[in-house]
>>> print(open('my_file31.csv').read())   # CSV, C-alpha atoms and all ligand atoms
chain,number,residue,atom,x,y,z
A,19,MET,CA,0.0,0.0,0.0
A,20,ARG,CA,1.5,3.3,-1.1
A,21,ILE,CA,0.5,6.4,0.9
A,22,LEU,CA,1.2,10.0,-0.1
A,23,ALA,CA,1.8,11.8,3.3
A,24,ILE,CA,1.6,15.5,3.9
A,25,GLU,CA,2.9,17.5,6.9
A,26,SER,CA,2.5,21.3,7.4
A,27,SER,CA,1.8,21.7,11.2
A,28,CYS,CA,4.6,24.3,11.8
A,29,ASP,CA,7.3,25.8,9.6
A,30,GLU,CA,8.3,22.8,7.5
A,31,THR,CA,6.3,21.8,4.4
A,32,ALA,CA,6.8,18.1,3.8
A,33,ALA,CA,5.6,15.4,1.5
A,34,ALA,CA,6.5,11.7,1.3
A,35,VAL,CA,5.5,8.5,-0.3
A,36,VAL,CA,5.6,5.5,2.1
A,37,GLN,CA,5.0,1.9,1.2
A,38,ASP,CA,3.4,-0.5,3.7
A,39,GLY,CA,4.2,1.7,6.6
A,40,ARG,CA,7.9,1.2,6.8
A,41,THR,CA,9.5,1.7,3.4
A,42,VAL,CA,10.1,5.3,2.5
A,43,LEU,CA,10.1,5.8,-1.3
A,44,SER,CA,10.6,9.6,-1.0
A,45,ASN,CA,10.7,12.2,1.7
A,46,GLU,CA,10.8,15.9,0.8
A,47,VAL,CA,11.1,18.5,3.5
A,48,LEU,CA,11.2,22.2,2.8
A,49,SER,CA,12.1,24.3,5.9
A,50,GLN,CA,11.0,27.9,6.3
A,51,ALA,CA,13.3,28.4,9.3
A,52,ASP,CA,15.4,31.1,7.5
A,53,MET,CA,12.2,33.2,6.9
A,54,HIS,CA,11.2,33.1,10.6
A,55,ALA,CA,14.8,33.5,11.9
A,56,LEU,CA,14.4,37.3,11.3
A,57,TYR,CA,11.6,37.4,13.9
A,58,GLY,CA,13.2,35.0,16.5
A,59,GLY,CA,10.4,32.5,16.2
A,60,VAL,CA,7.7,31.1,13.9
A,61,VAL,CA,5.2,33.8,12.5
A,62,PRO,CA,2.0,31.8,11.9
A,63,GLU,CA,0.8,33.9,9.0
A,64,ILE,CA,4.1,33.7,7.2
A,65,ALA,CA,4.1,29.9,7.8
A,66,SER,CA,0.7,29.4,6.2
A,67,ARG,CA,1.4,31.6,3.2
A,68,ASN,CA,4.6,29.7,2.5
A,69,HIS,CA,3.0,26.3,2.8
A,70,ILE,CA,0.4,27.4,0.2
A,71,THR,CA,3.2,28.5,-2.2
A,72,VAL,CA,5.2,25.2,-2.2
A,73,ILE,CA,2.8,22.3,-1.2
A,74,SER,CA,1.6,21.4,-4.7
A,75,ARG,CA,5.1,21.3,-6.2
A,76,LEU,CA,6.5,19.4,-3.2
A,77,CYS,CA,3.8,16.7,-3.5
A,78,ASP,CA,4.5,16.3,-7.2
A,79,GLU,CA,8.2,16.0,-6.4
A,80,ALA,CA,7.6,13.4,-3.7
A,81,VAL,CA,5.6,11.2,-6.2
A,82,ARG,CA,8.2,11.7,-8.9
A,83,LYS,CA,11.1,10.8,-6.6
A,84,ALA,CA,9.1,7.7,-5.5
A,85,GLY,CA,9.3,6.5,-9.1
A,86,ILE,CA,5.5,6.0,-9.4
A,87,SER,CA,2.6,7.8,-11.0
A,88,LYS,CA,-0.2,9.5,-9.0
A,89,LYS,CA,-2.5,6.7,-10.1
A,90,GLU,CA,-0.4,4.2,-8.2
A,91,LEU,CA,-1.1,5.9,-4.8
A,92,ASP,CA,-3.5,4.0,-2.5
A,93,ALA,CA,-4.3,6.7,0.1
A,94,VAL,CA,-3.4,10.2,1.3
A,95,ALA,CA,-2.4,10.8,5.0
A,96,VAL,CA,-2.2,14.2,6.5
A,97,THR,CA,-1.3,15.8,9.8
A,98,CYS,CA,-4.5,17.4,11.2
A,99,ALA,CA,-3.5,18.2,14.8
A,100,PRO,CA,-1.8,19.6,16.8
A,101,GLY,CA,0.0,22.6,15.4
A,102,LEU,CA,-0.5,26.1,14.0
A,103,ILE,CA,-4.1,26.1,12.8
A,104,GLY,CA,-3.6,28.1,9.6
A,105,ALA,CA,-0.5,26.0,8.7
A,106,LEU,CA,-2.4,22.7,9.4
A,107,LEU,CA,-5.3,23.8,7.3
A,108,VAL,CA,-3.1,24.2,4.2
A,109,GLY,CA,-2.0,20.6,4.4
A,110,VAL,CA,-5.5,19.3,5.3
A,111,ASN,CA,-7.2,21.1,2.4
A,112,PHE,CA,-4.6,20.0,-0.1
A,113,ALA,CA,-4.8,16.4,1.1
A,114,LYS,CA,-8.6,16.5,0.9
A,115,ALA,CA,-8.5,17.8,-2.7
A,116,ALA,CA,-5.8,15.2,-3.6
A,117,ALA,CA,-7.8,12.3,-2.1
A,118,LEU,CA,-11.0,13.4,-3.8
A,119,ALA,CA,-9.3,13.9,-7.2
A,120,LEU,CA,-7.5,10.5,-7.1
A,121,GLY,CA,-10.6,8.7,-5.6
A,122,ILE,CA,-8.6,7.2,-2.7
A,123,PRO,CA,-9.0,7.2,1.1
A,124,LEU,CA,-8.0,10.2,3.3
A,125,ILE,CA,-6.3,9.3,6.6
A,126,PRO,CA,-6.1,11.9,9.4
A,127,VAL,CA,-2.9,11.7,11.5
A,128,HIS,CA,-1.9,13.1,14.9
A,129,HIS,CA,1.5,14.9,14.6
A,130,VAL,CA,3.0,13.5,17.8
A,131,ARG,CA,1.9,10.0,16.9
A,132,GLY,CA,3.9,10.7,13.7
A,133,HIS,CA,7.0,11.7,15.6
A,134,ILE,CA,6.8,8.4,17.5
A,135,ALA,CA,6.4,6.5,14.2
A,136,ALA,CA,9.6,7.9,12.9
A,137,ASN,CA,11.2,5.2,15.0
A,138,TYR,CA,9.3,2.4,13.1
A,139,ILE,CA,11.0,3.7,9.9
A,140,ALA,CA,14.5,3.8,11.5
A,141,PHE,CA,14.1,0.5,13.3
A,142,PRO,CA,12.2,-2.1,11.3
A,143,GLU,CA,12.2,-4.5,14.3
A,144,LEU,CA,10.6,-2.0,16.7
A,145,GLU,CA,7.0,-2.8,17.8
A,146,PRO,CA,4.9,-1.5,20.7
A,147,PRO,CA,4.6,-1.7,23.6
A,148,PHE,CA,7.2,0.8,24.8
A,149,VAL,CA,7.5,4.1,26.6
A,150,CYS,CA,8.2,7.1,24.4
A,151,LEU,CA,9.5,10.6,25.3
A,152,ALA,CA,8.3,12.9,22.5
A,153,ILE,CA,10.2,16.2,22.7
A,154,SER,CA,9.7,18.9,20.1
A,155,GLY,CA,9.2,22.7,19.7
A,156,GLY,CA,5.6,22.5,20.8
A,157,ASN,CA,5.3,19.2,22.7
A,158,THR,CA,7.0,17.4,25.6
A,159,VAL,CA,5.2,14.3,26.7
A,160,ILE,CA,5.9,10.8,28.1
A,161,VAL,CA,3.6,8.4,26.3
A,162,ASP,CA,2.6,4.8,27.2
A,163,VAL,CA,2.6,3.3,23.7
A,164,ARG,CA,0.5,0.1,24.1
A,165,GLY,CA,-0.1,-0.4,20.4
A,166,TYR,CA,0.3,1.4,17.1
A,167,THR,CA,-2.9,3.4,17.6
A,168,ASP,CA,-3.4,2.8,21.4
A,169,MET,CA,-1.5,5.2,23.5
A,170,GLU,CA,-1.8,7.5,26.5
A,171,ILE,CA,0.1,10.5,27.9
A,172,ILE,CA,1.4,9.7,31.4
A,173,GLY,CA,3.5,12.8,31.8
A,174,ALA,CA,3.7,16.2,30.2
A,175,THR,CA,5.2,19.6,30.6
A,176,ARG,CA,2.9,22.0,32.5
A,177,ASP,CA,4.1,25.0,30.6
A,178,ASP,CA,6.8,25.3,27.9
A,179,ALA,CA,8.0,22.5,25.7
A,180,ALA,CA,11.6,21.5,25.9
A,181,GLY,CA,12.3,22.8,22.3
A,182,GLU,CA,10.6,26.1,23.0
A,183,CYS,CA,12.9,26.4,26.1
A,184,PHE,CA,16.0,25.8,23.9
A,185,ASP,CA,14.8,28.4,21.4
A,186,LYS,CA,14.1,31.1,24.1
A,187,ALA,CA,17.4,30.5,25.9
A,188,ALA,CA,19.2,30.7,22.5
A,189,ARG,CA,17.4,33.9,21.7
A,190,VAL,CA,18.5,35.7,24.9
A,191,LEU,CA,22.1,34.5,24.1
A,192,GLY,CA,21.8,36.1,20.7
A,193,LEU,CA,21.8,32.8,18.8
A,194,PRO,CA,19.7,32.2,15.6
A,195,TYR,CA,16.3,30.5,15.5
A,196,PRO,CA,15.7,27.6,15.8
A,197,GLY,CA,18.0,27.6,18.8
A,198,GLY,CA,18.5,23.9,19.7
A,199,LYS,CA,21.4,23.2,17.4
A,200,PRO,CA,23.3,26.5,18.0
A,201,MET,CA,22.9,25.9,21.8
A,202,GLN,CA,24.4,22.5,21.3
A,203,GLU,CA,27.3,23.9,19.3
A,204,LEU,CA,27.9,26.6,21.9
A,205,ALA,CA,27.8,24.0,24.7
A,206,GLN,CA,30.7,22.0,23.2
A,207,GLY,CA,33.7,22.1,25.6
A,208,GLY,CA,31.6,24.0,28.1
A,209,ASP,CA,31.5,23.1,31.8
A,210,ASP,CA,28.0,21.7,32.6
A,211,ARG,CA,28.4,22.7,36.3
A,212,ALA,CA,29.3,26.3,35.5
A,213,TYR,CA,25.9,27.6,36.5
A,214,ARG,CA,23.3,26.2,38.9
A,215,LEU,CA,20.0,26.0,37.0
A,216,PRO,CA,16.7,24.8,38.4
A,217,ARG,CA,15.2,21.4,37.7
A,218,ALA,CA,11.5,21.7,38.6
A,219,LYS,CA,9.5,18.9,40.2
A,220,ILE,CA,5.7,18.7,40.3
A,221,ASP,CA,4.3,17.4,43.6
A,222,ASP,CA,2.5,14.1,43.3
A,223,HIS,CA,3.0,14.0,39.5
A,224,PRO,CA,6.4,12.3,39.1
A,225,TYR,CA,6.3,12.2,35.3
A,226,ASP,CA,5.2,15.8,34.8
A,227,MET,CA,7.7,18.5,33.9
A,228,SER,CA,8.0,22.3,33.9
A,229,PHE,CA,10.5,24.3,31.8
A,230,SER,CA,9.3,27.9,32.4
A,231,GLY,CA,11.4,28.4,35.6
A,232,LEU,CA,14.5,27.2,33.7
A,233,LYS,CA,13.8,29.6,30.8
A,234,THR,CA,13.3,32.5,33.2
A,235,ALA,CA,16.5,31.6,35.1
A,236,VAL,CA,18.5,31.8,31.9
A,237,VAL,CA,16.9,35.1,30.8
A,238,ASN,CA,17.5,36.6,34.3
A,239,LEU,CA,21.1,35.4,34.4
A,240,VAL,CA,21.9,36.9,31.0
A,241,HIS,CA,20.1,40.2,31.8
A,242,ASN,CA,21.8,40.6,35.2
A,243,ALA,CA,25.2,40.0,33.7
A,244,ARG,CA,24.6,42.5,31.0
A,245,GLN,CA,23.4,45.2,33.5
A,246,LYS,CA,26.4,44.6,35.8
A,247,GLY,CA,28.8,44.5,32.8
A,248,GLU,CA,29.9,41.0,33.8
A,249,GLU,CA,31.4,38.6,31.3
A,250,LEU,CA,29.3,35.4,30.9
A,251,ASP,CA,30.8,31.9,30.5
A,252,ARG,CA,28.6,31.3,27.4
A,253,PRO,CA,29.7,27.7,26.7
A,254,GLY,CA,29.4,26.9,30.4
A,255,LEU,CA,25.8,28.4,30.4
A,256,ALA,CA,24.8,26.4,27.3
A,257,ALA,CA,26.3,23.2,28.8
A,258,SER,CA,24.6,23.8,32.2
A,259,PHE,CA,21.3,24.5,30.4
A,260,ALA,CA,21.5,21.2,28.3
A,261,ALA,CA,22.3,19.3,31.5
A,262,ALA,CA,19.2,20.8,33.3
A,263,VAL,CA,16.9,19.9,30.4
A,264,SER,CA,18.4,16.4,30.2
A,265,ASP,CA,18.2,15.9,34.0
A,266,THR,CA,14.5,16.8,33.7
A,267,LEU,CA,13.7,14.4,30.8
A,268,VAL,CA,15.9,11.3,31.2
A,269,PRO,CA,15.1,10.1,34.8
A,270,ARG,CA,11.4,10.6,34.4
A,271,THR,CA,11.3,8.5,31.2
A,272,MET,CA,13.5,5.8,32.8
A,273,SER,CA,11.1,5.6,35.8
A,274,ALA,CA,8.1,5.5,33.6
A,275,CYS,CA,9.6,2.6,31.7
A,276,ALA,CA,10.4,0.7,34.9
A,277,ASP,CA,7.0,1.4,36.4
A,278,LEU,CA,5.2,0.2,33.2
A,279,GLY,CA,7.4,-2.9,33.1
A,280,TYR,CA,8.6,-2.3,29.6
A,281,ASP,CA,11.9,-3.2,28.1
A,282,ARG,CA,12.1,-0.5,25.4
A,283,ILE,CA,12.5,3.2,25.5
A,284,VAL,CA,11.8,5.4,22.5
A,285,VAL,CA,12.8,9.0,22.0
A,286,ALA,CA,11.2,11.2,19.3
A,287,GLY,CA,10.9,14.7,18.0
A,288,GLY,CA,13.2,17.6,17.1
A,289,VAL,CA,14.9,17.8,20.5
A,290,ALA,CA,15.8,14.1,20.3
A,291,ALA,CA,18.6,15.4,18.0
A,292,ASN,CA,20.4,16.9,21.1
A,293,ALA,CA,23.7,15.2,21.8
A,294,ARG,CA,23.6,15.6,25.6
A,295,ILE,CA,20.1,14.1,25.8
A,296,ARG,CA,21.1,11.2,23.5
A,297,ALA,CA,24.3,10.5,25.5
A,298,ASP,CA,22.4,10.6,28.8
A,299,PHE,CA,19.8,8.3,27.5
A,300,GLU,CA,22.4,5.8,26.3
A,301,LYS,CA,24.1,5.8,29.7
A,302,ALA,CA,20.8,5.4,31.6
A,303,ALA,CA,19.4,2.7,29.3
A,304,LYS,CA,22.6,0.7,29.5
A,305,LYS,CA,22.6,0.9,33.3
A,306,ALA,CA,19.0,-0.2,33.5
A,307,GLY,CA,19.3,-2.9,30.9
A,308,LYS,CA,16.7,-1.4,28.6
A,309,GLU,CA,16.7,-1.2,24.8
A,310,LEU,CA,16.9,2.4,23.5
A,311,PHE,CA,15.6,3.7,20.2
A,312,VAL,CA,16.5,7.2,19.0
A,313,PRO,CA,15.9,8.1,15.4
A,314,PRO,CA,18.7,9.4,13.1
A,315,LEU,CA,18.9,13.2,13.0
A,316,SER,CA,17.1,13.2,9.6
A,317,LEU,CA,14.0,11.7,11.2
A,318,CYS,CA,14.0,13.7,14.4
A,319,GLY,CA,12.6,17.0,13.0
A,320,ASP,CA,9.2,17.4,11.3
A,321,ASN,CA,8.9,15.3,8.1
A,322,ALA,CA,6.2,13.6,6.2
A,323,ALA,CA,7.6,10.0,6.1
A,324,MET,CA,6.7,9.7,9.8
A,325,ILE,CA,3.1,10.7,8.9
A,326,GLY,CA,3.0,8.2,6.1
A,327,CYS,CA,4.2,5.5,8.5
A,328,GLN,CA,1.7,6.3,11.3
A,329,GLY,CA,-1.0,6.9,8.6
A,330,TYR,CA,-0.6,3.2,7.5
A,331,TYR,CA,-1.3,1.9,11.0
A,332,GLU,CA,-4.2,4.4,11.4
A,333,TYR,CA,-5.6,3.0,8.1
A,334,LEU,CA,-5.3,-0.6,9.3
A,335,ALA,CA,-7.1,0.5,12.5
A,336,GLY,CA,-10.0,1.9,10.3
A,337,ALA,CA,-9.2,5.6,10.4
A,338,ARG,CA,-10.8,7.5,7.5
A,339,ALA,CA,-11.8,11.1,6.9
A,340,ASP,CA,-13.8,12.8,4.1
A,341,SER,CA,-14.0,16.3,2.8
A,342,SER,CA,-15.4,17.6,6.1
A,343,LEU,CA,-12.0,16.9,7.8
A,344,ASN,CA,-11.0,19.9,10.0
A,345,ALA,CA,-7.7,20.8,11.8
A,346,TRP,CA,-7.1,21.3,15.5
A,347,ALA,CA,-4.5,23.4,17.2
A,348,THR,CA,-4.6,21.1,20.2
A,349,LEU,CA,-5.7,17.5,20.5
A,350,GLU,CA,-4.8,14.8,23.0
A,351,ILE,CA,-2.7,12.0,21.6
A,352,SER,CA,-5.1,9.3,22.9
A,353,ALA,CA,-8.2,11.1,21.7
A,354,PRO,CA,-10.0,9.8,18.5
A,355,ILE,CA,-9.7,12.4,15.7
A,356,PRO,CA,-13.2,14.0,15.5
A,357,VAL,CA,-14.1,13.1,11.9
A,401,LIG,O1,10.0,18.2,15.9
A,401,LIG,P1,10.4,19.6,15.5
A,401,LIG,O2,11.2,19.7,14.2
A,401,LIG,O3,9.1,20.5,15.3
A,401,LIG,C1,8.1,20.5,16.1
A,401,LIG,O4,7.2,19.6,15.9
A,401,LIG,O5,8.0,21.3,17.0
A,401,LIG,O6,11.2,20.3,16.7
A,401,LIG,C2,11.8,21.6,16.6
A,401,LIG,C3,12.5,21.8,17.9
A,401,LIG,C4,13.0,23.3,17.9
A,401,LIG,O7,12.6,23.8,19.2
A,401,LIG,C5,14.5,23.1,17.8
A,401,LIG,O8,15.3,24.1,18.5
A,401,LIG,C6,14.7,21.8,18.5
A,401,LIG,O9,13.7,21.0,18.0
A,401,LIG,N1,16.0,21.2,18.2
A,401,LIG,C7,17.0,20.9,19.1
A,401,LIG,C8,18.1,20.4,18.4
A,401,LIG,N2,17.8,20.3,17.1
A,401,LIG,C9,16.5,20.8,16.9
A,401,LIG,N3,17.0,21.1,20.4
A,401,LIG,C10,18.1,20.7,21.1
A,401,LIG,N4,19.2,20.2,20.5
A,401,LIG,C11,19.3,20.0,19.1
A,401,LIG,N5,20.4,19.6,18.6
>>> encode(input="my_file31.csv", output="structure tokens", more="lines below")
Ligand code: KG4
Amino acid sequence: MRILAIESSCDETAAAVVQDGRTVLSNEVLSQADMHALYGGVVPEIASRNHITVISRLCDEAVRKAGISKKELDAVAVTCAPGLIGALLVGVNFAKAAALALGIPLIPVHHVRGHIAANYIAFPELEPPFVCLAISGGNTVIVDVRGYTDMEIIGATRDDAAGECFDKAARVLGLPYPGGKPMQELAQGGDDRAYRLPRAKIDDHPYDMSFSGLKTAVVNLVHNARQKGEELDRPGLAASFAAAVSDTLVPRTMSACADLGYDRIVVAGGVAANARIRADFEKAAKKAGKELFVPPLSLCGDNAAMIGCQGYYEYLAGARADSSLNAWATLEISAPIPV
């Protein structure tokens, strides 16, 4: 079964063709990051307009690179939640038109389920159940993945997502958007104990997280140093910041895995590209005797191959949408898509 998959939930326009869930025939991603860098973050209106400009060409390119004709497509899968509503609607409306014109089924896909599915592409042997930490610019959740389409959030950030926290810390340090990679580069060779930064805990909710205090601590530290004319240890601050984020994410995911009695830990999303977080997970998983799955960097960020993969499993579970499909800025990962 060949699925044309479309992703447009934020500032990447992406189209892919995926065969039988796990074989990626093409995977086209067009990032708008440069256009948003000027503003220090994603401008929703600019994102929507750029999706409109490129989506048709990108889908054609994905089909061409897959080496098939449009008539050989069996279904269209599209991200319909969560994300920027205007941006999502571009992908959803294009997908509706494509499915209608080709006379094939339309499959709605949850974006974070897609991030988790990126691991099925990278690791053909991986199957649920497992615990997954999904960390991106807009989401930070620990998920009990019981089956391909049966999952439940057991822990989440109460405020900022981990990626958003990286981006804001980078901005105050004068680094470009998106800030995760520049922060990682700055941290190289830095002392991760140079600054004492907070690691928040939520009473009685051991898997929940909070990043807003960490973000404020970095902003205050930088502003205070500027006002006093003091020199900052920038690599030390970036390394201390990465350590604080990792210390928040890794132990919670490890305990969730132990408490659920699973052998496998999966990490997903743009922030899964972070070297410190990857290294800490490797150490922790080895110590606990758990199997760790972290996708290659190319599948960490937003892409459409992951939507095609998850779309396949949603299709097998009976998910279908028609021309009335809407988009949702927020939607629980375990909730059925309201079609
Ligand atoms: O998954 P993604 O591409 O988009 C969303 O669905 O949000 O994640 C983007 C986020 C951004 O906040 C970006 O700064 C962060 O992933 N990111 C990183 C790294 N590479 C990307 N964060 C930390 N370290 C990295 N190496």
>>> atom_distance(input="my_file31.csv", atom1="atom CA of A:Ala339", atom2="atom CA of A:Leu124")
5.3 Å
>>> closest_residue(input="my_file31.csv", among="A:Arg82, A:Arg214, A:His128, A:Lys304", to="ligand LIG 401 (chain A)", atoms="all atoms listed in the file")
A:His128
>>> residues_around(input="my_file31.csv", residues="stretch 57-63 of chain A", least_positions_apart="3", cutoff="10 Å", atoms="all atoms listed in the file", output="list of chain:residue names")
A:Cys28, A:Asp29, A:Gln50, A:Ala51, A:Asp52, A:Met53, A:His54, A:Ser66, A:Arg67, A:Asn68, A:Leu102, A:Ile103, A:Gly104, A:Ala105, A:Glu182, A:Asp185, A:Lys186, A:Ala188, A:Arg189, A:Val190, A:Gly192, A:Leu193, A:Pro194, A:Tyr195, A:Pro196, A:Gly197
>>> residues_around(input="my_file31.csv", residues="A:Val149", least_positions_apart="5", cutoff="7 Å", atoms="only C-alpha atoms", output="ChimeraX atom specification")
/A:161-163,275,282-284
>>> closest_residue(input="my_file31.csv", among="A:Ala293, A:Ala140, A:Ala80, A:Leu151", to="A:Ser273", atoms="all atoms listed in the file")
A:Leu151
>>> residues_near_point(input="my_file31.csv", point="(25.2, 23.9, 35.6)", cutoff="10 Å", atoms="all atoms listed in the file", output="PyMOL selection string")
chain A and resi 208-216+254-262
>>> write_last_selection(input="my_file31.csv", atoms="C-alpha atoms", output="mmCIF file, in the coordinates of the input")
data_model
loop_
_atom_site.group_PDB
_atom_site.id
_atom_site.type_symbol
_atom_site.label_atom_id
_atom_site.label_comp_id
_atom_site.auth_asym_id
_atom_site.auth_seq_id
_atom_site.Cartn_x
_atom_site.Cartn_y
_atom_site.Cartn_z
ATOM 1 C CA GLY A 208 31.600 24.000 28.100
ATOM 2 C CA ASP A 209 31.500 23.100 31.800
ATOM 3 C CA ASP A 210 28.000 21.700 32.600
ATOM 4 C CA ARG A 211 28.400 22.700 36.300
ATOM 5 C CA ALA A 212 29.300 26.300 35.500
ATOM 6 C CA TYR A 213 25.900 27.600 36.500
ATOM 7 C CA ARG A 214 23.300 26.200 38.900
ATOM 8 C CA LEU A 215 20.000 26.000 37.000
ATOM 9 C CA PRO A 216 16.700 24.800 38.400
ATOM 10 C CA GLY A 254 29.400 26.900 30.400
ATOM 11 C CA LEU A 255 25.800 28.400 30.400
ATOM 12 C CA ALA A 256 24.800 26.400 27.300
ATOM 13 C CA ALA A 257 26.300 23.200 28.800
ATOM 14 C CA SER A 258 24.600 23.800 32.200
ATOM 15 C CA PHE A 259 21.300 24.500 30.400
ATOM 16 C CA ALA A 260 21.500 21.200 28.300
ATOM 17 C CA ALA A 261 22.300 19.300 31.500
ATOM 18 C CA ALA A 262 19.200 20.800 33.300
#
>>> residues_near_ligand(input="my_file31.csv", ligand="ligand LIG 401 (chain A)", cutoff="6 Å", atoms="only C-alpha atoms and all ligand atoms", output="list in words")
Ser154, Gly155, Gly156, Gly181, Glu182, Phe184, Asp185, Pro196, Gly197, Gly198, Lys199, Gln202, Gly287, Gly288, Val289, Ala291, Asn292, Gly319 and Asp320 of chain A
>>> atom_distance(input="my_file31.csv", atom1="atom CA of A:Ala32", atom2="atom CA of A:Leu48")
6.1 Å
>>> closest_residue(input="my_file31.csv", among="A:Val240, A:Val94, A:Leu107, A:Val268", to="A:Ala302", atoms="only C-alpha atoms")
A:Val268
>>> residues_around(input="my_file31.csv", residues="A:His133", least_positions_apart="6", cutoff="8 Å", atoms="all atoms listed in the file", output="PyMOL selection string")
chain A and resi 152+286-287+318+320+324-325
>>> closest_residue(input="my_file31.csv", among="A:Ala99, A:Val130, A:Ile139, A:Ala345", to="A:Pro314", atoms="all atoms listed in the file")
A:Ile139
>>> closest_residue(input="my_file31.csv", among="A:Asn157, A:Leu191, A:Asp92, A:Gln206", to="A:Val237", atoms="all atoms listed in the file")
A:Leu191
>>> atom_distance(input="my_file31.csv", atom1="atom CA of A:Ala93", atom2="atom CA of A:Cys150")
27.3 Å
>>> decode(input="my_file31.csv", residues="stretch 172-191 of chain A", atoms="N, CA and C atoms", output="tab-separated table (two decimals), in the first residue's frame")
chain	number	residue	atom	x	y	z
A	172	ILE	N	1.28	9.89	29.93
A	172	ILE	CA	1.37	9.66	31.39
A	172	ILE	C	2.15	10.77	32.07
A	173	GLY	N	2.80	11.61	31.29
A	173	GLY	CA	3.52	12.75	31.85
A	173	GLY	C	3.66	13.82	30.78
A	174	ALA	N	3.65	15.09	31.21
A	174	ALA	CA	3.75	16.17	30.22
A	174	ALA	C	4.29	17.43	30.87
A	175	THR	N	4.78	18.34	30.05
A	175	THR	CA	5.19	19.62	30.60
A	175	THR	C	3.93	20.40	30.99
A	176	ARG	N	4.05	21.14	32.09
A	176	ARG	CA	2.92	21.96	32.53
A	176	ARG	C	2.93	23.32	31.85
A	177	ASP	N	4.05	23.66	31.18
A	177	ASP	CA	4.13	24.99	30.57
A	177	ASP	C	4.86	24.89	29.22
A	178	ASP	N	6.12	25.33	29.17
A	178	ASP	CA	6.83	25.34	27.89
A	178	ASP	C	7.26	23.94	27.47
A	179	ALA	N	7.36	23.73	26.16
A	179	ALA	CA	7.96	22.50	25.65
A	179	ALA	C	9.48	22.63	25.74
A	180	ALA	N	10.18	21.49	25.76
A	180	ALA	CA	11.64	21.51	25.87
A	180	ALA	C	12.27	22.29	24.72
A	181	GLY	N	11.74	22.10	23.50
A	181	GLY	CA	12.30	22.78	22.33
A	181	GLY	C	12.11	24.30	22.40
A	182	GLU	N	10.93	24.68	22.89
A	182	GLU	CA	10.64	26.11	23.05
A	182	GLU	C	11.64	26.73	24.04
A	183	CYS	N	11.94	25.98	25.09
A	183	CYS	CA	12.88	26.44	26.11
A	183	CYS	C	14.28	26.60	25.50
A	184	PHE	N	14.70	25.64	24.66
A	184	PHE	CA	15.99	25.77	23.95
A	184	PHE	C	15.97	27.03	23.07
A	185	ASP	N	14.85	27.23	22.36
A	185	ASP	CA	14.77	28.37	21.43
A	185	ASP	C	14.83	29.71	22.17
A	186	LYS	N	14.15	29.80	23.33
A	186	LYS	CA	14.13	31.07	24.08
A	186	LYS	C	15.49	31.33	24.73
A	187	ALA	N	16.11	30.29	25.25
A	187	ALA	CA	17.45	30.45	25.85
A	187	ALA	C	18.44	30.90	24.78
A	188	ALA	N	18.31	30.31	23.59
A	188	ALA	CA	19.20	30.69	22.48
A	188	ALA	C	18.98	32.16	22.11
A	189	ARG	N	17.72	32.57	22.09
A	189	ARG	CA	17.41	33.95	21.67
A	189	ARG	C	18.06	34.96	22.62
A	190	VAL	N	17.97	34.70	23.93
A	190	VAL	CA	18.53	35.66	24.88
A	190	VAL	C	20.07	35.68	24.79
A	191	LEU	N	20.62	34.57	24.30
A	191	LEU	CA	22.08	34.53	24.11
A	191	LEU	C	22.50	35.04	22.72
